[in-house]
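J.: I am sharing query-v4.txt, which consists of compact mmCIF, C-alpha atoms:
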```txt
# COMPACT_ATOMS: atom_id res chain seq x y z
CA MET A 1 20.13 -0.32 -12.43
CA MET A 2 19.69 1.72 -9.24
CA ILE A 3 16.09 2.20 -8.16
CA GLN A 4 15.01 5.28 -6.23
CA THR A 5 13.46 4.24 -2.93
CA LYS A 6 11.24 5.83 -0.34
CA THR A 7 14.30 7.21 1.43
CA ASP A 8 15.44 9.29 -1.55
CA LYS A 9 14.92 13.05 -1.27
CA THR A 10 13.84 14.10 -4.74
CA ASP A 11 11.83 17.23 -5.35
CA GLU A 12 9.18 17.90 -7.95
CA THR A 13 8.28 21.34 -6.66
CA GLY A 14 11.33 23.32 -5.56
CA LYS A 15 9.00 25.49 -3.46
CA THR A 16 10.09 27.62 -0.57
CA GLY A 17 8.20 29.63 2.03
CA LYS A 18 7.02 28.73 5.49
CA SER A 19 7.80 25.04 4.86
CA ALA A 20 11.44 26.03 4.39
CA GLU A 21 11.37 27.90 7.70
CA ILE A 22 9.84 24.93 9.52
CA PHE A 23 12.36 22.58 7.93
CA ALA A 24 15.26 24.72 9.15
CA ARG A 25 14.02 24.16 12.70
CA ALA A 26 12.69 20.61 12.30
CA GLN A 27 15.90 19.11 10.96
CA ARG A 28 17.69 20.16 14.15
CA VAL A 29 15.41 17.96 16.26
CA THR A 30 14.31 15.28 13.77
CA PRO A 31 16.44 13.50 11.13
CA ALA A 32 15.57 14.96 7.70
CA GLY A 33 12.85 17.00 9.41
CA VAL A 34 10.24 14.25 8.94
CA HIS A 35 8.87 11.28 10.84
CA SER A 36 8.67 9.00 7.82
CA ASN A 37 11.46 8.96 5.26
CA SER A 38 8.91 8.74 2.47
CA ARG A 39 8.09 12.43 3.15
CA ALA A 40 11.68 13.63 2.81
CA ARG A 41 12.52 15.52 -0.36
CA ALA A 42 14.86 18.22 -1.62
CA PRO A 43 15.16 21.09 -1.04
CA HIS A 44 12.82 20.48 1.90
CA PRO A 45 9.63 18.65 2.87
CA ILE A 46 6.24 20.30 2.52
CA TYR A 47 4.39 20.76 5.79
CA PHE A 48 0.60 20.76 5.85
CA ALA A 49 -1.94 22.57 7.99
CA ARG A 50 -5.36 21.09 7.21
CA ALA A 51 -7.34 18.82 4.90
CA ASP A 52 -10.92 18.44 3.76
CA GLY A 53 -12.50 16.21 1.12
CA PRO A 54 -9.98 15.76 -1.72
CA TYR A 55 -7.95 18.83 -0.72
CA ILE A 56 -4.94 19.58 1.48
CA TRP A 57 -3.57 23.00 2.45
CA ASP A 58 0.11 23.51 3.18
CA VAL A 59 1.39 25.93 5.81
CA ASP A 60 1.65 28.67 3.18
CA GLY A 61 -2.07 28.34 2.44
CA ARG A 62 -1.62 26.71 -0.95
CA ARG A 63 -4.46 24.28 -1.73
CA SER A 64 -3.71 21.06 -3.63
CA VAL A 65 -5.74 18.08 -4.73
CA ASP A 66 -4.35 15.19 -2.72
CA LEU A 67 -3.43 12.20 -4.89
CA GLY A 68 -1.67 10.46 -2.01
CA MET A 69 -4.64 10.18 0.36
CA GLY A 70 -2.54 8.81 3.21
CA ASN A 71 -0.93 6.21 0.93
CA GLY A 72 -4.41 5.04 0.03
CA ALA A 73 -5.71 5.00 3.60
CA ILE A 74 -8.26 7.78 3.17
CA LEU A 75 -10.92 6.12 1.02
CA LEU A 76 -13.86 8.32 1.99
CA GLY A 77 -12.03 11.65 1.79
CA HIS A 78 -10.37 13.84 4.39
CA ASN A 79 -12.42 14.98 7.38
CA HIS A 80 -15.37 12.71 6.58
CA PRO A 81 -18.29 13.88 8.76
CA ALA A 82 -19.54 10.45 9.87
CA VAL A 83 -16.07 9.30 10.86
CA GLN A 84 -15.20 12.54 12.60
CA ALA A 85 -18.50 12.51 14.53
CA ALA A 86 -17.83 8.96 15.74
CA VAL A 87 -14.31 9.92 16.82
CA ALA A 88 -15.59 12.99 18.65
CA GLU A 89 -18.12 10.87 20.56
CA ALA A 90 -15.43 8.35 21.49
CA LEU A 91 -13.11 11.12 22.67
CA ALA A 92 -15.84 12.51 24.89
CA ALA A 93 -16.19 9.10 26.59
CA GLY A 94 -12.61 9.41 27.83
CA ILE A 95 -11.44 5.84 27.15
CA THR A 96 -8.38 5.56 24.96
CA CYS A 97 -6.20 2.46 25.31
CA GLY A 98 -5.46 -0.62 27.36
CA LEU A 99 -9.12 -1.61 27.74
CA GLU A 100 -11.59 -3.61 25.67
CA THR A 101 -14.71 -1.81 24.49
CA GLU A 102 -17.95 -2.79 22.81
CA SER A 103 -16.96 -0.68 19.82
CA ALA A 104 -14.07 -3.06 19.07
CA TYR A 105 -16.48 -6.00 19.06
CA ARG A 106 -18.89 -4.17 16.77
CA ALA A 107 -16.06 -3.19 14.43
CA ALA A 108 -14.87 -6.81 14.29
CA GLU A 109 -18.36 -8.07 13.57
CA LEU A 110 -18.82 -5.54 10.77
CA PHE A 111 -15.38 -6.36 9.36
CA LEU A 112 -16.30 -10.04 9.07
CA GLN A 113 -19.54 -9.15 7.31
CA LEU A 114 -17.59 -7.21 4.69
CA VAL A 115 -14.75 -9.75 4.34
CA PRO A 116 -16.44 -13.15 3.99
CA SER A 117 -13.11 -14.93 3.45
CA ALA A 118 -12.24 -14.22 7.11
CA GLU A 119 -13.71 -16.04 10.09
CA GLN A 120 -11.99 -14.13 12.89
CA VAL A 121 -10.12 -10.83 13.17
CA ARG A 122 -7.88 -9.03 15.67
CA PHE A 123 -6.95 -5.36 15.53
CA THR A 124 -3.55 -3.78 15.97
CA ASN A 125 -2.00 -0.46 14.95
CA THR A 126 0.20 -0.62 11.85
CA GLY A 127 0.78 -2.86 8.88
CA THR A 128 4.21 -3.89 10.12
CA GLU A 129 2.77 -4.89 13.49
CA ALA A 130 0.01 -6.87 11.80
CA MET A 131 2.53 -8.64 9.60
CA LEU A 132 4.77 -9.52 12.57
CA HIS A 133 1.77 -11.00 14.37
CA ALA A 134 0.75 -12.94 11.27
CA LEU A 135 4.24 -14.39 10.82
CA GLN A 136 4.34 -15.54 14.45
CA ILE A 137 0.93 -17.17 14.03
CA ALA A 138 2.12 -18.94 10.87
CA ARG A 139 5.26 -20.22 12.59
CA ALA A 140 3.30 -21.44 15.61
CA ALA A 141 0.71 -23.17 13.41
CA THR A 142 3.20 -24.91 11.09
CA GLY A 143 6.17 -25.49 13.35
CA LYS A 144 8.39 -24.10 10.58
CA ARG A 145 10.38 -20.87 10.54
CA ARG A 146 11.32 -19.49 7.08
CA ILE A 147 9.32 -17.00 5.04
CA ALA A 148 8.93 -16.62 1.28
CA LYS A 149 7.98 -13.29 -0.30
CA ALA A 150 7.76 -11.81 -3.79
CA GLU A 151 10.48 -9.64 -5.29
CA GLY A 152 9.59 -5.94 -5.27
CA ALA A 153 6.83 -6.21 -2.67
CA TYR A 154 6.84 -3.98 0.41
CA HIS A 155 5.41 -5.55 3.57
CA GLY A 156 6.70 -3.15 6.22
CA TRP A 157 10.09 -2.67 7.80
CA ALA A 158 10.61 -5.98 9.65
CA ASP A 159 13.98 -7.66 9.03
CA SER A 160 12.53 -10.77 7.38
CA LEU A 161 10.30 -8.82 4.99
CA PHE A 162 12.07 -5.58 4.09
CA VAL A 163 13.93 -7.78 1.63
CA SER A 164 14.28 -7.24 -2.14
CA THR A 165 11.98 -4.26 -1.87
CA TRP A 166 12.77 -1.86 -4.75
CA PRO A 167 16.02 -3.85 -5.25
CA ASP A 168 18.94 -2.65 -7.33
CA LEU A 169 18.61 -4.78 -10.47
CA SER A 170 22.37 -4.84 -10.99
CA ARG A 171 22.61 -6.91 -7.79
CA ALA A 172 19.28 -8.75 -7.88
CA GLY A 173 20.42 -11.95 -9.61
CA ALA A 174 18.40 -14.02 -12.04
CA GLU A 175 14.72 -13.18 -12.37
CA SER A 176 13.81 -16.85 -11.96
CA ALA A 177 15.69 -17.03 -8.63
CA PRO A 178 16.13 -13.51 -7.19
CA THR A 179 18.90 -12.73 -4.74
CA ALA A 180 17.69 -11.72 -1.28
CA LEU A 181 18.83 -8.11 -0.82
CA PRO A 182 18.31 -5.87 2.23
CA GLY A 183 15.75 -3.15 1.55
CA THR A 184 17.42 -0.79 4.01
CA GLY A 185 20.43 -0.45 6.25
CA GLY A 186 20.31 -1.88 9.75
CA LEU A 187 18.71 -5.24 8.93
CA ASP A 188 20.13 -8.45 10.37
CA PRO A 189 21.97 -9.94 7.36
CA HIS A 190 21.34 -13.50 8.55
CA VAL A 191 17.59 -12.86 8.65
CA VAL A 192 17.66 -11.25 5.20
CA GLN A 193 19.46 -14.23 3.68
CA ASP A 194 17.03 -16.59 5.40
CA THR A 195 14.12 -15.08 3.46
CA LEU A 196 13.24 -16.86 0.22
CA VAL A 197 12.54 -14.37 -2.58
CA ILE A 198 10.31 -15.59 -5.40
CA PRO A 199 9.56 -13.86 -8.72
CA PHE A 200 6.11 -12.25 -8.87
CA ASN A 201 3.87 -13.51 -11.70
CA GLN A 202 6.51 -16.04 -12.80
CA THR A 203 4.41 -19.07 -11.94
CA GLU A 204 6.69 -21.97 -12.87
CA ALA A 205 9.86 -20.44 -11.43
CA ALA A 206 8.14 -19.42 -8.20
CA GLU A 207 6.61 -22.88 -7.76
CA ALA A 208 9.97 -24.56 -8.22
CA LEU A 209 11.52 -22.40 -5.49
CA LEU A 210 8.62 -22.97 -3.09
CA ARG A 211 8.67 -26.73 -3.62
CA ALA A 212 12.42 -26.89 -3.05
CA HIS A 213 12.18 -25.13 0.31
CA ALA A 214 8.68 -26.19 1.42
CA HIS A 215 9.94 -28.33 4.30
CA GLU A 216 11.11 -25.18 6.15
CA LEU A 217 8.60 -22.55 4.98
CA ALA A 218 6.06 -21.35 7.53
CA ALA A 219 4.43 -18.85 5.16
CA VAL A 220 4.46 -17.45 1.68
CA VAL A 221 3.59 -13.76 1.82
CA VAL A 222 2.11 -12.06 -1.22
CA GLU A 223 0.56 -8.70 -1.98
CA PRO A 224 -2.10 -9.70 -4.55
CA THR A 225 -1.33 -6.49 -6.39
CA LEU A 226 2.11 -4.90 -6.07
CA ILE A 227 0.96 -1.39 -5.19
CA ASP A 228 4.10 0.02 -3.64
CA VAL A 229 5.68 -0.14 -7.11
CA GLY A 230 2.64 1.51 -8.69
CA PHE A 231 -0.01 -1.03 -9.62
CA VAL A 232 0.99 -4.50 -10.84
CA PRO A 233 -1.84 -7.04 -10.45
CA ALA A 234 -1.17 -10.70 -9.81
CA GLN A 235 -2.09 -13.07 -12.62
CA PRO A 236 -4.85 -15.44 -11.45
CA GLU A 237 -2.77 -18.51 -12.29
CA PHE A 238 0.07 -17.22 -10.08
CA LEU A 239 -2.22 -16.93 -7.05
CA ALA A 240 -3.88 -20.26 -7.83
CA MET A 241 -0.44 -21.88 -7.81
CA LEU A 242 0.35 -20.34 -4.41
CA ARG A 243 -2.90 -21.71 -2.97
CA ARG A 244 -2.25 -25.18 -4.41
CA VAL A 245 1.37 -25.34 -3.22
CA ALA A 246 0.46 -24.04 0.23
CA ASP A 247 -2.20 -26.73 0.62
CA GLU A 248 0.03 -29.53 -0.60
CA GLU A 249 3.14 -28.50 1.33
CA GLY A 250 1.65 -27.32 4.63
CA ILE A 251 2.57 -23.65 4.13
CA THR A 252 0.47 -20.73 5.38
CA LEU A 253 -0.76 -18.57 2.50
CA LEU A 254 -0.60 -15.01 3.84
CA PHE A 255 -2.09 -12.16 1.81
CA ASP A 256 -0.97 -8.60 2.45
CA GLU A 257 -4.27 -6.76 1.87
CA LEU A 258 -3.13 -3.57 3.53
CA LEU A 259 -3.72 -1.68 0.27
CA THR A 260 -6.02 -4.02 -1.66
CA GLY A 261 -8.53 -4.39 1.17
CA PHE A 262 -11.87 -2.61 0.57
CA ARG A 263 -10.58 -1.17 -2.74
CA LEU A 264 -10.08 -4.07 -5.19
CA ALA A 265 -13.47 -5.30 -4.01
CA ARG A 266 -15.53 -4.78 -0.88
CA GLY A 267 -14.02 -7.99 0.48
CA GLY A 268 -10.57 -7.19 -0.91
CA ALA A 269 -8.35 -9.17 -3.25
CA GLN A 270 -9.62 -12.49 -1.94
CA GLU A 271 -13.09 -11.62 -3.16
CA HIS A 272 -11.74 -10.14 -6.40
CA TYR A 273 -9.67 -13.23 -7.26
CA ALA A 274 -11.97 -15.78 -5.57
CA ILE A 275 -8.95 -17.22 -3.74
CA ARG A 276 -8.98 -17.61 0.02
CA ALA A 277 -5.83 -17.06 2.04
CA ASP A 278 -5.19 -18.72 5.39
CA LEU A 279 -4.32 -15.36 6.94
CA ALA A 280 -4.43 -11.78 5.70
CA ILE A 281 -3.51 -8.39 7.05
CA TYR A 282 -5.54 -5.22 6.49
CA GLY A 283 -5.16 -1.53 7.25
CA LYS A 284 -5.12 1.77 5.37
CA ALA A 285 -8.76 2.20 4.24
CA LEU A 286 -9.94 0.30 7.33
CA GLY A 287 -10.09 3.47 9.43
CA ASN A 288 -10.13 6.25 6.80
CA GLY A 289 -6.74 7.52 7.94
CA TYR A 290 -6.75 6.64 11.63
CA PRO A 291 -3.87 4.36 12.70
CA VAL A 292 -5.17 0.79 12.56
CA ALA A 293 -4.41 -2.59 11.07
CA ALA A 294 -5.90 -6.04 11.39
CA VAL A 295 -4.99 -9.71 11.16
CA ALA A 296 -7.81 -11.90 9.89
CA GLY A 297 -8.25 -15.40 8.59
CA LYS A 298 -9.49 -18.91 9.15
CA GLU A 299 -10.59 -19.63 12.71
CA SER A 300 -8.35 -22.71 12.86
CA VAL A 301 -5.32 -20.54 12.09
CA MET A 302 -6.34 -17.49 14.13
CA ALA A 303 -6.75 -19.81 17.14
CA TRP A 304 -2.96 -20.01 17.29
CA SER A 305 -2.96 -16.41 18.57
CA ALA A 306 -5.21 -17.16 21.56
CA PRO A 307 -3.59 -17.53 25.00
CA GLY A 308 -1.99 -20.90 25.62
CA PRO A 309 1.30 -22.83 25.66
CA GLY A 310 3.14 -22.81 22.34
CA ARG A 311 0.80 -20.26 20.81
CA ALA A 312 1.76 -16.88 19.36
CA SER A 313 1.27 -13.96 21.70
CA PHE A 314 -0.97 -11.16 20.43
CA VAL A 315 -0.53 -8.18 22.72
CA GLY A 316 -0.34 -4.40 22.47
CA THR A 317 -1.38 -1.51 24.68
CA PHE A 318 -2.90 0.35 21.76
CA ASN A 319 -4.56 -2.66 20.08
CA GLY A 320 -8.30 -1.98 19.77
CA HIS A 321 -7.77 1.67 20.76
CA ALA A 322 -11.24 2.97 21.63
CA VAL A 323 -11.06 6.14 19.54
CA VAL A 324 -9.64 4.31 16.54
CA MET A 325 -12.28 1.57 16.83
CA ALA A 326 -14.95 4.26 16.57
CA ALA A 327 -13.33 5.41 13.32
CA VAL A 328 -13.19 1.83 12.02
CA GLU A 329 -16.82 1.16 12.86
CA ALA A 330 -17.95 4.38 11.18
CA THR A 331 -15.76 3.76 8.12
CA LEU A 332 -16.91 0.19 7.61
CA ALA A 333 -20.54 1.30 7.92
CA GLN A 334 -19.92 3.60 4.95
CA LEU A 335 -18.43 0.72 2.96
CA ALA A 336 -20.95 -1.95 3.91
CA ASP A 337 -23.24 -1.82 0.88
CA GLY A 338 -20.38 -1.92 -1.64
CA ALA A 339 -21.41 1.33 -3.32
CA ALA A 340 -18.23 3.16 -2.33
CA THR A 341 -15.96 0.51 -3.83
CA ALA A 342 -18.06 0.39 -7.01
CA ALA A 343 -17.98 4.18 -7.36
CA LEU A 344 -14.21 4.28 -6.94
CA GLN A 345 -13.79 1.56 -9.53
CA ALA A 346 -15.93 3.45 -12.04
CA ARG A 347 -13.96 6.67 -11.49
CA THR A 348 -10.68 4.82 -11.83
CA GLU A 349 -11.76 3.27 -15.13
CA ARG A 350 -12.74 6.71 -16.45
CA LEU A 351 -9.31 8.12 -15.58
CA ILE A 352 -7.52 5.18 -17.18
CA GLU A 353 -9.55 5.55 -20.39
CA ALA A 354 -8.89 9.29 -20.54
CA PHE A 355 -5.17 8.78 -19.99
CA ALA A 356 -5.03 6.14 -22.73
CA ASP A 357 -6.75 8.53 -25.15
CA SER A 358 -4.27 11.30 -24.35
CA ALA A 359 -1.29 8.96 -24.62
CA ALA A 360 -2.43 7.80 -28.04
CA ARG A 361 -2.99 11.36 -29.20
CA THR A 362 0.42 12.57 -27.99
CA GLY A 363 2.26 9.45 -29.13
CA VAL A 364 3.76 8.73 -25.71
CA ALA A 365 4.43 5.11 -24.75
CA ALA A 366 2.64 5.17 -21.41
CA SER A 367 -0.15 3.49 -19.49
CA MET A 368 -2.18 4.25 -16.40
CA ARG A 369 -2.91 1.32 -14.12
CA GLY A 370 -5.23 1.03 -11.18
CA ALA A 371 -8.40 -0.23 -9.54
CA GLY A 372 -10.64 0.84 -6.69
CA GLY A 373 -9.10 4.30 -6.50
CA HIS A 374 -5.46 3.18 -6.58
CA ILE A 375 -3.75 4.72 -9.61
CA HIS A 376 -0.28 5.05 -11.10
CA TRP A 377 1.41 5.92 -14.39
CA TYR A 378 4.10 3.99 -16.26
CA PHE A 379 6.14 5.34 -19.15
CA ALA A 380 7.04 2.21 -21.09
CA ASP A 381 5.86 0.27 -24.14
CA HIS A 382 3.80 -2.18 -22.07
CA ALA A 383 2.08 -2.19 -18.69
CA PRO A 384 4.33 -4.10 -16.27
CA ALA A 385 3.57 -7.60 -15.01
CA THR A 386 6.61 -7.84 -12.71
CA TYR A 387 8.71 -5.57 -10.54
CA ARG A 388 11.58 -5.68 -13.01
CA GLN A 389 9.36 -4.51 -15.83
CA ALA A 390 8.02 -1.68 -13.67
CA ALA A 391 11.58 -0.65 -12.79
CA HIS A 392 12.36 -0.03 -16.46
CA SER A 393 9.64 2.60 -16.78
CA SER A 394 11.09 5.99 -17.79
CA ALA A 395 11.81 8.04 -14.67
CA ALA A 396 12.62 11.07 -16.85
CA ARG A 397 9.25 11.09 -18.59
CA TYR A 398 7.47 10.43 -15.31
CA GLY A 399 9.27 13.44 -13.81
CA ALA A 400 8.19 15.71 -16.68
CA PHE A 401 4.64 14.43 -16.35
CA ILE A 402 4.24 15.02 -12.62
CA ARG A 403 5.86 18.45 -12.74
CA VAL A 404 2.87 19.56 -14.79
CA LEU A 405 0.49 17.99 -12.28
CA VAL A 406 2.19 19.85 -9.44
CA GLU A 407 1.98 23.12 -11.39
CA ASN A 408 -1.76 22.44 -11.64
CA ASP A 409 -2.02 22.02 -7.86
CA PHE A 410 -2.03 18.24 -7.52
CA MET A 411 -0.01 16.61 -4.74
CA VAL A 412 1.93 13.68 -6.25
CA PHE A 413 4.99 11.66 -5.35
CA PRO A 414 8.35 12.22 -7.07
CA ASN A 415 9.29 8.53 -7.05
CA TYR A 416 8.25 6.81 -10.27
CA LEU A 417 7.84 3.51 -8.36
CA LEU A 418 5.33 4.56 -5.74
CA HIS A 419 1.54 4.73 -5.95
CA HIS A 420 -1.29 7.23 -5.86
CA ALA A 421 -4.93 7.17 -4.84
CA ILE A 422 -8.22 8.98 -5.15
CA SER A 423 -11.15 8.92 -2.73
CA LEU A 424 -14.91 9.25 -2.85
CA ALA A 425 -14.41 12.98 -2.32
CA HIS A 426 -12.66 13.27 -5.70
CA ASP A 427 -15.81 14.25 -7.56
CA ASP A 428 -16.43 14.83 -11.26
CA ALA A 429 -15.08 18.38 -11.18
CA VAL A 430 -11.83 17.29 -9.54
CA LEU A 431 -11.45 14.36 -11.93
CA ALA A 432 -12.05 16.63 -14.94
CA ARG A 433 -9.20 18.85 -13.73
CA LEU A 434 -7.00 15.77 -13.35
CA VAL A 435 -7.81 14.56 -16.86
CA GLU A 436 -6.82 17.96 -18.28
CA ALA A 437 -3.62 18.06 -16.22
CA MET A 438 -2.69 14.53 -17.30
CA ASP A 439 -3.12 15.52 -20.94
CA GLN A 440 -0.80 18.49 -20.45
CA GLY A 441 1.63 16.28 -18.57
CA LEU A 442 1.74 13.78 -21.41
CA GLN A 443 2.53 16.58 -23.82
CA ALA A 444 5.45 17.57 -21.59
CA ALA A 445 6.59 13.95 -21.35
CA SER A 446 6.53 13.64 -25.15
CA ARG A 447 9.34 16.21 -25.31
CA VAL A 448 11.60 14.12 -23.07
CA GLU A 449 13.66 11.16 -24.25
CA ALA A 450 12.68 7.92 -22.54
```
Write the structure described by the file as C-alpha cells, please.
T.:
Amino acid sequence: MMIQTKTDKTDETGKTGKSAEIFARAQRVTPAGVHSNSRARAPHPIYFARADGPYIWDVDGRRSVDLGMGNGAILLGHNHPAVQAAVAEALAAGITCGLETESAYRAAELFLQLVPSAEQVRFTNTGTEAMLHALQIARAATGKRRIAKAEGAYHGWADSLFVSTWPDLSRAGAESAPTALPGTGGLDPHVVQDTLVIPFNQTEAAEALLRAHAHELAAVVVEPTLIDVGFVPAQPEFLAMLRRVADEEGITLLFDELLTGFRLARGGAQEHYAIRADLAIYGKALGNGYPVAAVAGKESVMAWSAPGPGRASFVGTFNGHAVVMAAVEATLAQLADGAATAALQARTERLIEAFADSAARTGVAASMRGAGGHIHWYFADHAPATYRQAAHSSAARYGAFIRVLVENDFMVFPNYLLHHAISLAHDDAVLARLVEAMDQGLQAASRVEA
C-alpha cells in the first residue's frame, strides 16, 4: 500500500486567485513554489498575508479558521499580545544572535520549572537540530553508535531518523521486525540500513529487537504519541518496557517531545506517563511559533554536551537567539500555572465527544483522536494503535470530510496521515462552528465507500 507523504501535492480546495499568480512567479525561483514540501499542493499552494487568534487570511483576503497552527507550534493563538510585546522589546534592544543574554537564562530556568523531569536544558533552532545534538550526546555518553526508532514516527530529516516514516506497507516487511526504508530520496543508504526500526506499541516484538542489538545501540528514540500520523498514543506498558530495557542494557532513552511537550501535560509526555527519559527534545509550542527547539534531560547526560575532550559539541550561531528567547520566556510564563494545558484538554475532549455523537448518528466508522489541542480524524472501524493500523484509514472518506471543512472556511491538511491542532484562541464560538462542520463532513463521508 502506498502512503501519501508530506511531499505529495494533493489539493482539497482547487482555489485560484492571487495565490495562483504568486505561484506562477514563485515556482521559477523556488522548487514547487514553497520552502517546505509539506505546503506544496495542486493546483498551487495557498499564500497567506496575516494571522490573528485562531484565524489566518490568505492573499485574496479569505479568512479561515486555522487548524494547523504551525503544525501545533502556536498554542496560545496567532499574534498573542504578551509574546508579541516581549519580541518587540527584544527587537528594540538590537541584540539578535551570537551572544548570550539574560533572557536565555531566564527562559531555561522557567523551562525547568515547567518540565520537572529535566535537570538541564540547552536551546537550539529546529527539531532536527535538537535531535542531531541529542544523538551525538547519546553516542558520546554510551560509546555506542546505532539508533533505534519506531516505525511510522517522524523525527526530522536527518539520515539516521528519516527512516520508515510513512513507509510503503508493500515494502515494509513484517510488523514484528520492520524493514528500514528511506523516508525520502537523498539519504545515505548505509545510514538508513544501520537504523534499527522497532514496531510501535508491539511490546514483546520491540523488546526482542532491542535486546538483540543492545550492545551497539546508543539510543532508542520514541515519540510518546505518534502525532505526525495523526494521533496514536503509546501504551503505558510499551514505554515502561523501553525504560526497563534502556536501564538494563545501557541505552539512552530519548523522547521526542517536539509535539507532546506542553500539550499532553504541562510537563509533557513524561509527566503524562510518569516515565522519565534520559534525554528529550522540545520545540513547537515552546515559543508560540517562533523558531526554537531544546534538548533537555538528566544533568549526568547533558554534561556530555559541555566543552571537553570526547564530549559532543553543542554549537550554533542562532542558538539562544535573543529575540526568540524573549518569545520563549513570554510563552512559558503563559503556560506556567497549567491552566492553558487544562483548557486545551477540555476543549479537545468536547470536540472528540461531539464527533463521536455525529459519527454514531450518521453511521460512519470513524473516530477523532487527540489531547491537549492536537486533533485528527480516522475513518476506520477502530482507533489505531500502530502506524500500520492508521495507514489503513480510508483516505477517500477523509477527503470527503475535509472538503466540507474547507468549504466552511477551515484550513486543514489534505493528507489523511498528518495532524491538526487548536489553540487557546479557538474559543467556544469557533469550536461550535467546527462541531457543525464536522457533522456535515461526516454526512458527506457517509456517501463515500471506504
J.: Here is a test: counting all atoms listed in the file, which residue of A:Ile422, A:Leu239, A:Val435, A:Val315 is nearest to Pro54 (chain A)?
T.: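 Checking each of A:Ile422, A:Leu239, A:Val435, A:Val315 against Pro54 (chain A), counting all atoms listed in the file, the winner is A:Ile422.
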J.: I'd like to know which of A:Leu351, A:Ala360, A:Arg106, A:Gly183 is closest to Glu436 (chain A), using all atoms listed in the file.
T.: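 Checking each of A:Leu351, A:Ala360, A:Arg106, A:Gly183 against Glu436 (chain A), counting all atoms listed in the file, the winner is A:Leu351.
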J.: Between CA of Phe123 (chain A) and CA of Ala269 (chain A), what distance in Å does the model show, to one decimal?
T.: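 Going from CA of Phe123 (chain A) over to CA of Ala269 (chain A) covers 19.2 Å.
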J.: Hey, what's within 7 Å of region 212-224 of chain A if we count all atoms listed in the file and toss same-chain stuff fewer than 6 positions away? As an mmCIF file with C-alpha atoms, in the frame of the given file, please?
T.:
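Saved result, part04.cif, follows:
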```cif
data_model
loop_
_atom_site.group_PDB
_atom_site.id
_atom_site.type_symbol
_atom_site.label_atom_id
_atom_site.label_comp_id
_atom_site.auth_asym_id
_atom_site.auth_seq_id
_atom_site.Cartn_x
_atom_site.Cartn_y
_atom_site.Cartn_z
ATOM 1 C CA ALA A 138 2.120 -18.940 10.870
ATOM 2 C CA ARG A 139 5.260 -20.220 12.590
ATOM 3 C CA THR A 142 3.200 -24.910 11.090
ATOM 4 C CA LYS A 144 8.390 -24.100 10.580
ATOM 5 C CA ARG A 145 10.380 -20.870 10.540
ATOM 6 C CA ARG A 146 11.320 -19.490 7.080
ATOM 7 C CA ILE A 147 9.320 -17.000 5.040
ATOM 8 C CA ALA A 148 8.930 -16.620 1.280
ATOM 9 C CA LYS A 149 7.980 -13.290 -0.300
ATOM 10 C CA ALA A 150 7.760 -11.810 -3.790
ATOM 11 C CA ALA A 153 6.830 -6.210 -2.670
ATOM 12 C CA PRO A 233 -1.840 -7.040 -10.450
ATOM 13 C CA ALA A 234 -1.170 -10.700 -9.810
ATOM 14 C CA GLU A 249 3.140 -28.500 1.330
ATOM 15 C CA ILE A 251 2.570 -23.650 4.130
ATOM 16 C CA THR A 252 0.470 -20.730 5.380
ATOM 17 C CA LEU A 253 -0.760 -18.570 2.500
ATOM 18 C CA LEU A 254 -0.600 -15.010 3.840
ATOM 19 C CA PHE A 255 -2.090 -12.160 1.810
ATOM 20 C CA ASP A 256 -0.970 -8.600 2.450
ATOM 21 C CA GLU A 257 -4.270 -6.760 1.870
ATOM 22 C CA ALA A 269 -8.350 -9.170 -3.250
#
```
J.: Within 12 Å of region 167-171 of chain A, counting only C-alpha atoms, which residues qualify if same-chain residues fewer than 3 places away don't, as a PyMOL selection string?
T.: chain A and resi 1-6+150-154+162-164+174-175+178-184+197+229+387-392+417
J.: Considering all atoms listed in the file, state which residue in the set A:Met131, A:Gly372, A:Gln84, A:Ser19 is at the smallest distance from Trp57 (chain A).
T.: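 Smallest separation from Trp57 (chain A) among the options: A:Ser19.
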J.: So which residues touch His420 (chain A) within 12 Å, counting all atoms listed in the file, skipping near sequence neighbours fewer than 6 positions away, as a ChimeraX atom specification?
T.: /A:65-75,227-231,259,348,368-377,402,410-414
J.: Quick one: distance from CA of Leu286 (chain A) to CA of Ile137 (chain A) in Å, one decimal?
T.: 21.6 Å
J.: When you look at Tyr398 (chain A) with a cut-off of 8 Å (counting only C-alpha atoms), what residues show up, excluding the ones that are within fewer than 2 positions of it in the same chain? I need them as a PyMOL selection string.
T.: chain A and resi 377-379+394-396+400-402+416+445
J.: So how many Å separate CA of Ala285 (chain A) and CA of Arg263 (chain A), to one decimal?
T.: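 Those two atoms sit 8.0 Å apart.
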J.: Could you model N, CA, C and O atoms for region 314-319 of chain A and present them as an mmCIF file, keeping the file's coordinate frame?
T.:
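And here is the file that came out, out.cif:
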```cif
data_model
loop_
_atom_site.group_PDB
_atom_site.id
_atom_site.type_symbol
_atom_site.label_atom_id
_atom_site.label_comp_id
_atom_site.auth_asym_id
_atom_site.auth_seq_id
_atom_site.Cartn_x
_atom_site.Cartn_y
_atom_site.Cartn_z
ATOM 1 N N PHE A 314 -0.400 -12.285 21.173
ATOM 2 C CA PHE A 314 -0.970 -11.160 20.430
ATOM 3 C C PHE A 314 -1.309 -10.083 21.458
ATOM 4 O O PHE A 314 -2.380 -10.091 22.062
ATOM 5 N N VAL A 315 -0.365 -9.185 21.673
ATOM 6 C CA VAL A 315 -0.530 -8.180 22.720
ATOM 7 C C VAL A 315 -0.171 -6.807 22.179
ATOM 8 O O VAL A 315 0.544 -6.685 21.190
ATOM 9 N N GLY A 316 -0.655 -5.766 22.843
ATOM 10 C CA GLY A 316 -0.340 -4.400 22.470
ATOM 11 C C GLY A 316 -1.223 -3.424 23.208
ATOM 12 O O GLY A 316 -2.451 -3.539 23.163
ATOM 13 N N THR A 317 -0.619 -2.484 23.902
ATOM 14 C CA THR A 317 -1.380 -1.510 24.680
ATOM 15 C C THR A 317 -2.400 -0.775 23.832
ATOM 16 O O THR A 317 -3.530 -0.505 24.276
ATOM 17 N N PHE A 318 -2.031 -0.463 22.601
ATOM 18 C CA PHE A 318 -2.900 0.350 21.760
ATOM 19 C C PHE A 318 -3.775 -0.482 20.823
ATOM 20 O O PHE A 318 -4.555 0.085 20.041
ATOM 21 N N ASN A 319 -3.678 -1.818 20.879
ATOM 22 C CA ASN A 319 -4.560 -2.660 20.080
ATOM 23 C C ASN A 319 -6.019 -2.406 20.472
ATOM 24 O O ASN A 319 -6.357 -2.380 21.658
#
```
